Number of protein chains: 2
Amino acid sequence: MSVKDVGITVSKDKDFSEWYTQVILKAELADYSAAKGFMVLRPNGYEMWEKIREFIDPRIKKTGHRNAYFPLLIPESLIKKEAEHFAGFTPEVFWVTHTGNNEIGERLATRPTSETIAYHSYAKWIQSWRNLPLLLNFWNSVLRAEITGTKPFIRTSEFLWQEGHTVHENKEDADKEVFMILNLYRELIEDILAIPVILGKKTEQEKFVGALYTTTLEAIMGDGKALQMGTSHNLGQNFSIPFGIKYLGRDEKEHFAWQASWGVSWRLIGAVVMVHGDDKGLVLPPKIAPIQVVIVPIFFSDDDKKNVNNMAIEVQEKLEKAKIACFNDSREQFTPGWKFNEWELKGIPLRIEIGPRDFREGKVILVRRDTNEKLSIKYEELIDNVNSTLEQIQKNLFDKAKKFLNEHTEKIQNYDQFKNVLIEKGGFLKACWCSKQECEDQIKDETGATIRAIPLEEEPIWSNCVYCGNRSNQVAYFARAY
Amino acid sequence: MSVKDVGITVSKDKDFSEWYTQVILKAELADYSAAKGFMVLRPNGYEMWEKIREFIDPRIKKTGHRNAYFPLLIPESLIKKEAEHFAGFTPEVFWVTHTGNNEIGERLATRPTSETIAYHSYAKWIQSWRNLPLLLNFWNSVLRAEITGTKPFIRTSEFLWQEGHTVHENKEDADKEVFMILNLYRELIEDILAIPVILGKKTEQEKFVGALYTTTLEAIMGDGKALQMGTSHNLGQNFSIPFGIKYLGRDEKEHFAWQASWGVSWRLIGAVVMVHGDDKGLVLPPKIAPIQVVIVPIFFSDDDKKNVNNMAIEVQEKLEKAKIACFNDSREQFTPGWKFNEWELKGIPLRIEIGPRDFREGKVILVRRDTNEKLSIKYEELIDNVNSTLEQIQKNLFDKAKKFLNEHTEKIQNYDQFKNVLIEKGGFLKACWCSKQECEDQIKDETGATIRAIPLEEEPIWSNCVYCGNRSNQVAYFARAY
């Protein structure tokens, strides 16, 4: 295989979709599977998911949540209890009808989400305000048949996620939960994944059907399309009433409980690819990178080989001691050039090159993945330099993405401009809206753009409704979205 | 609710099965679910599973394995590729036949195990010896319809487990993998779960159908029945041939690869209950206990309350600083007596009682869950005492279980003795066997006992075959098993 076959053969700007697929497959984050519409999460991708879990999990525990596991299969009768919410999932549900050669009495759905199966148990477990709040989280996979083209991490018939499901005494407590989690997600996405987001509420049309309201975090991908990065819902009493989740209150009266639910999925990995990747492949922010630094020893003679390899091992040991995740690529069957390409393709944030001259001069070369910048540094200042460079890379990737987001957020004055901006560069279109679903629907039909979010803080109005021209009463972020 | 309703109402000796179910439900490790045959893993149980994962996961990574995730649904055509191995699962498979209202073209199985779906990908990924060994592990759930009575953790239609699937150049490397993992499992089960095991090979009859040979770890539960705690298989070339997992060898010739697979499941949690539990409920070895120490402040006057509560908080902080997992039970709506019962039921290894007199004398009381022993210790010697007591509990639980195992391992001279011991006390029956499957089958039919393991090291023979009386050539551990 030549480097050309191994490397990315299209430009991010020219064919974003093909570029994306090539990066996913060639960086070995994921692969297609024997089951149509499904994907395999390969170790390089799984380790990113582990990083996400390592960040989120201790934080949700620290705020009093605990993990649990609910069954994959949900009896149809349970689903019918909350038919309104479930209706949205109905066409996507995989139905189990047989075990072995026998038809089973009642069909079982593979979970598209766990509300119904979990809340059936919650109703049993909750009797009194003393049992509240109930704060649980599930790490699992959910299944929703995707009929249209598979897109790894973004559109697959099964995905890994975490789903939090909490129960509270009143609306205020559920509200607090919703925003506490929203903020935790913002931290994960901005501080760890280096992807700036806008926070907001979904419209009635776009919210989770079972929710009183839905909050969301939205980002812009490299092609100008929006991606919903996570959601946090106040479910009100929409489930507690049909499922009978009641508690004896401090007032000694019976009340239906209030609930919240929230989740992020492996699509965050897809977002990292789409936001930070470039024509050479993946670019990983150091905080999500399973390997932060790759060491490549370079030599031409046997004498040099020994010295350089020894120094590489020393560097590796130093980095490991400093808790920097590194890999010493001492493989003999590949040239340094091949290795550079491979690790650039795989997005490793920082490369350390050690050659015979570096060895003699007590120096090493750092090469940044994000800027290609080369730095020659003194060996004794290695750890400080690596740490500060990793920090700079993390910051630079966020800043670049923030700049891109700003350049792709346009304040819209009228519908012509709306349509032009959408065609020319996409991104978020910030427009005034009359709050009527008709206008929202018409815009969607005519342009493909939906309202991604209503800002959490009310913003001043600068025009009439971008579609109907009548009085507007709020600002909305529109975009074409995945 | 009275303490009687909350606590365990049957004795472990009198009705082991009912006792087991009560402990599981009342200690809130698990609950039955709306889906028949399935169970909910509640936080108390999930945290034990997390402890198991926290032990195993870094160790399998350290030995070069990496995690991945394969799809839940497996096309029937893929399954037919290796029909022989899959035949064993056929009656237990849940079949997906519809999405939404549409029948799908090809039925999909919910994974009963991932060999087929994974090896389809492996065949794509492996070309050369340079791609070997491929060392992957999956944390997921698998589904096998259990028609007979549900037994939480032991017999449920879905269970959490890890399944390792590795590919090697030759048989020797696969052998090494099998035994390396077997030994890792032994460490987990003996050192962490405090359950002594016997290691061995399965007979042809009892091995995993797809395996060249199966190694196993077997333990004896509190009722004298055996439980298979984990297995590690050398799959030979049984899958690499039908799935086309071939590689270009160092000899430049094409070879079919050699494979191993291995797994442990949440049934280990059931084993901890069955081995260590007593009439008061669960007894957790400190190394698997999500909470190792519970602090119960005791007071009768408001003056004492403040002092005692402050001291409890101090104790908590000291323990946390020493990385001892603790919970300060300062709940006001429950009496100390209620709390003692609750935490004994939940199996917390050590209780610290702090009363007004203890406060004044600068002492605290430690109460061991395993022995009920009370120790009055000086406050300044708290951490040393807690640490050493936790170690003693861990050791005592293992020693007790080892003694039980020894008392329930009987060297058998003849078939009458075999049947008598089985009826009187169960456990392992160590007997000489002629290696004929006929005898194995007859014994199973007549007594319900199966061969759990053949010792890894050959042992001297002391009698003719326990069943047919002909020349025997090996020693086998028989038992009735879950």
# chains A, B, ... in the order shown; residues from 1 in each chain; ligands from 1

$ residues_around --residues "Asn102 of chain B" --least-positions-apart "6" --cutoff "12 Å" --atoms "only C-alpha atoms" --output "PyMOL selection string"
(chain A and resi 90-95+145+147) or (chain B and resi 96)

$ write_last_selection --atoms "N, CA and C atoms" --output "CSV table (one decimal), in the first residue's frame"
chain,number,residue,atom,x,y,z
A,90,THR,N,-41.8,5.2,16.8
A,90,THR,CA,-42.5,4.0,16.3
A,90,THR,C,-41.9,3.5,15.0
A,91,PRO,N,-41.7,4.3,14.0
A,91,PRO,CA,-41.2,3.8,12.7
A,91,PRO,C,-39.8,3.3,12.8
A,92,GLU,N,-39.1,3.6,13.9
A,92,GLU,CA,-37.6,3.3,14.0
A,92,GLU,C,-37.4,2.1,14.9
A,93,VAL,N,-38.5,1.6,15.5
A,93,VAL,CA,-38.2,0.5,16.5
A,93,VAL,C,-38.0,-0.8,15.9
A,94,PHE,N,-36.9,-1.5,16.4
A,94,PHE,CA,-36.7,-2.9,16.0
A,94,PHE,C,-37.6,-3.8,17.0
A,95,TRP,N,-38.3,-4.7,16.4
A,95,TRP,CA,-39.2,-5.5,17.2
A,95,TRP,C,-38.7,-6.9,17.2
A,145,ALA,N,-33.8,2.3,14.0
A,145,ALA,CA,-33.5,2.0,12.6
A,145,ALA,C,-33.4,3.2,11.8
A,147,ILE,N,-33.2,4.4,8.1
A,147,ILE,CA,-33.5,3.9,6.8
A,147,ILE,C,-32.5,4.5,5.8
B,96,VAL,N,-35.1,-10.4,15.8
B,96,VAL,CA,-35.8,-9.1,15.4
B,96,VAL,C,-36.2,-9.4,14.0

$ residues_around --residues "segment 69-72 of chain A" --least-positions-apart "2" --cutoff "7 Å" --atoms "only C-alpha atoms" --output "count of residues only"
10

$ select_by_dssp --residues "segment 24-53 of chain B" --states "alpha helix (DSSP H)" --output "count of residues only"
14

$ closest_residue --among "B:Trp433, B:Ser330, B:Asp279, B:Phe55" --to "Asp15 of chain B" --atoms "only C-alpha atoms"
B:Asp279

$ closest_residue --among "B:Gly427, B:Gly37, B:Gly355, B:Gly7" --to "chain A" --atoms "only C-alpha atoms"
B:Gly37

$ closest_residue --among "B:Gln316, B:Thr214, B:Gln333, B:Thr148" --to "chain A" --atoms "only C-alpha atoms"
B:Gln333

$ closest_residue --among "A:Val23, A:Ile269, A:Leu73, A:Ala83" --to "Ser114 of chain A" --atoms "only C-alpha atoms"
A:Leu73

$ atom_distance --atom1 "atom CA of Gly164 of chain B" --atom2 "atom CA of Glu50 of chain B"
17.4 Å

$ atom_distance --atom1 "atom CA of Thr231 of chain B" --atom2 "atom CA of Leu184 of chain B"
11.3 Å
